[in-house]
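*Asks:* Pasting in a structure now, in structure tokens, and then I'll have a few things to ask.
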Amino acid sequence: MDIDAVKKRLEMLGYEHNESEDNVIQYLIEMTAQTIKHKCNISEIPECLNYVWCDMVCGEFLGTKLTTGKLESMQVNQIATKIKEGDTEVTFAEGTDPQKRLNSFFKNMANGNGQLIKHRTQLQQDKFK
């Protein structure tokens, strides 16, 4: 996977990348590659995991930015739990701190959304056919 794929995904997520972050992103590409290889017990990452790999890099990158207080360009809206049309009433979810929701989202991305376990299971099933 190349750094341009990660930059495009970050842009899709609403993050404005700057060139000074390229070294960090490259490091995370290599780090997550090792994570995928270890979790799946493989020596090369198959093309079918490229999207998962890209999301893992973005999750690690944005999660680190959020944790260190350097994530300024993303906005999180509150979640509406109740909407009443007559006389307009909107109730927002309580206890859903935007930073906590972002952190949870980034952690889910960084962990591969369960896709690595599915891939490893599939590899093992194919091995015993």
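If you're wondering about the labels, chains in the structure tokens are A, B, ... by order shown, residues count from 1 in each chain, ligands from 1 in order shown.
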Compile the contact shell of A:Glu44 as number ranges by chain: residues with an atom at most 10 Å away, counting only C-alpha atoms, same-chain residues fewer than 5 positions apart removed.

*Replies:* A: 33-34, 36-37

*Asks:* Let me see the file: selected residues, N, CA, C and O atoms, as a PDB file, in the first residue's frame.

*Replies:*
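Full text of again26.pdb as output:
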ATOM      1  N   ALA A  33       1.483  -3.020   8.871  1.00  0.00           N
ATOM      2  CA  ALA A  33       1.790  -4.178   8.027  1.00  0.00           C
ATOM      3  C   ALA A  33       2.293  -5.330   8.898  1.00  0.00           C
ATOM      4  O   ALA A  33       1.872  -6.485   8.729  1.00  0.00           O
ATOM      5  N   GLN A  34       3.177  -5.018   9.819  1.00  0.00           N
ATOM      6  CA  GLN A  34       3.682  -6.057  10.727  1.00  0.00           C
ATOM      7  C   GLN A  34       2.570  -6.616  11.603  1.00  0.00           C
ATOM      8  O   GLN A  34       2.504  -7.825  11.844  1.00  0.00           O
ATOM      9  N   ILE A  36      -0.640  -6.826  10.878  1.00  0.00           N
ATOM     10  CA  ILE A  36      -1.469  -7.697  10.042  1.00  0.00           C
ATOM     11  C   ILE A  36      -0.779  -9.037   9.812  1.00  0.00           C
ATOM     12  O   ILE A  36      -1.392 -10.100   9.961  1.00  0.00           O
ATOM     13  N   LYS A  37       0.494  -8.994   9.484  1.00  0.00           N
ATOM     14  CA  LYS A  37       1.233 -10.229   9.230  1.00  0.00           C
ATOM     15  C   LYS A  37       1.261 -11.129  10.460  1.00  0.00           C
ATOM     16  O   LYS A  37       1.101 -12.351  10.356  1.00  0.00           O
TER      17      LYS A  37
END

*Asks:* At a cut-off of 8 Å, using only C-alpha atoms, what residues contact A:Asn103? Leave out same-chain residues fewer than 3 positions from it and give the result as an mmCIF file with all heavy atoms, in the first residue's frame.

*Replies:*
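out.cif, freshly written:
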data_model
loop_
_atom_site.group_PDB
_atom_site.id
_atom_site.type_symbol
_atom_site.label_atom_id
_atom_site.label_comp_id
_atom_site.auth_asym_id
_atom_site.auth_seq_id
_atom_site.Cartn_x
_atom_site.Cartn_y
_atom_site.Cartn_z
ATOM 1 N N GLY A 63 -6.264 8.450 15.814
ATOM 2 C CA GLY A 63 -6.356 8.176 17.252
ATOM 3 C C GLY A 63 -5.216 8.812 18.026
ATOM 4 O O GLY A 63 -5.412 9.368 19.108
ATOM 5 N N LEU A 66 -5.859 12.533 18.152
ATOM 6 C CA LEU A 66 -6.909 12.839 19.122
ATOM 7 C C LEU A 66 -6.375 12.758 20.549
ATOM 8 O O LEU A 66 -6.616 13.644 21.365
ATOM 9 C CB LEU A 66 -8.081 11.877 18.943
ATOM 10 C CG LEU A 66 -9.294 12.102 19.838
ATOM 11 C CD1 LEU A 66 -9.967 13.429 19.515
ATOM 12 C CD2 LEU A 66 -10.286 10.959 19.689
ATOM 13 N N GLN A 99 -15.630 13.373 21.818
ATOM 14 C CA GLN A 99 -14.262 12.859 21.806
ATOM 15 C C GLN A 99 -14.253 11.357 22.078
ATOM 16 O O GLN A 99 -13.492 10.621 21.459
ATOM 17 C CB GLN A 99 -13.381 13.585 22.815
ATOM 18 C CG GLN A 99 -11.936 13.131 22.728
ATOM 19 C CD GLN A 99 -10.967 14.024 23.469
ATOM 20 O OE1 GLN A 99 -11.333 15.098 23.915
ATOM 21 N NE2 GLN A 99 -9.741 13.593 23.588
ATOM 22 N N LYS A 100 -15.121 10.894 22.959
ATOM 23 C CA LYS A 100 -15.191 9.459 23.245
ATOM 24 C C LYS A 100 -15.679 8.692 22.029
ATOM 25 O O LYS A 100 -15.192 7.601 21.732
ATOM 26 C CB LYS A 100 -16.115 9.185 24.433
ATOM 27 C CG LYS A 100 -15.526 9.559 25.763
ATOM 28 C CD LYS A 100 -16.472 9.237 26.888
ATOM 29 C CE LYS A 100 -15.893 9.672 28.215
ATOM 30 N NZ LYS A 100 -16.842 9.451 29.325
ATOM 31 N N PHE A 106 -11.979 5.480 16.008
ATOM 32 C CA PHE A 106 -10.586 5.311 15.571
ATOM 33 C C PHE A 106 -9.998 3.998 16.064
ATOM 34 O O PHE A 106 -9.258 3.328 15.350
ATOM 35 C CB PHE A 106 -9.723 6.490 16.014
ATOM 36 C CG PHE A 106 -10.123 7.806 15.411
ATOM 37 C CD1 PHE A 106 -9.902 8.983 16.093
ATOM 38 C CD2 PHE A 106 -10.727 7.876 14.162
ATOM 39 C CE1 PHE A 106 -10.263 10.201 15.538
ATOM 40 C CE2 PHE A 106 -11.094 9.084 13.602
ATOM 41 C CZ PHE A 106 -10.865 10.255 14.291
ATOM 42 N N LYS A 107 -10.333 3.597 17.296
ATOM 43 C CA LYS A 107 -9.842 2.320 17.823
ATOM 44 C C LYS A 107 -10.380 1.157 17.000
ATOM 45 O O LYS A 107 -9.669 0.201 16.709
ATOM 46 C CB LYS A 107 -10.252 2.141 19.287
ATOM 47 C CG LYS A 107 -9.382 2.864 20.260
ATOM 48 C CD LYS A 107 -9.802 2.570 21.685
ATOM 49 C CE LYS A 107 -8.918 3.306 22.650
ATOM 50 N NZ LYS A 107 -9.325 3.070 24.041
#

*Asks:* I want to know what sits within 10 Å of A:Leu62, based on only C-alpha atoms, with residues of the same chain fewer than 4 positions away left out; could you give that as a PyMOL selection string?

*Replies:* chain A and resi 10+13+15+56-58+66-68+70-71+74+102-103+105-107+109-110

*Asks:* Find the distance between atom CA of A:Lys39 and atom CA of A:Ile117 and write it in Å to one decimal.

*Replies:*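 It comes out at 7.6 Å.
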
*Asks:* Rounded to one decimal place, report the atom CA of A:Leu116-atom CA of A:Glu21 distance in Å.

*Replies:*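 About the pair atom CA of A:Leu116 and atom CA of A:Glu21: they are 26.6 Å apart.
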
*Asks:* Quick one: of A:Thr64, A:Asp55, A:Gln122, A:Met1, who's nearest to A:Asn108, counting only C-alpha atoms?

*Replies:*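 Of the candidates, the smallest distance to A:Asn108 is held by A:Asp55.
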
*Asks:* Counting only C-alpha atoms, which of A:Arg101, A:Cys54, A:Glu47, A:Phe61 gets nearest to A:Lys8?

*Replies:*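 The shortest atom-to-atom distance to A:Lys8 comes from A:Cys54.
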
*Asks:* Which is closest to A:Glu19 among A:Asp4, A:Gly59, A:Pro98, A:Leu49, if we use only C-alpha atoms?

*Replies:*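 Selected residue with least distance to A:Glu19: A:Asp4.
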
*Asks:* So, counting only C-alpha atoms, which residue among A:His17, A:Asn41, A:Ile25, A:Asn50 is closest to A:Gly112?

*Replies:* A:Asn50
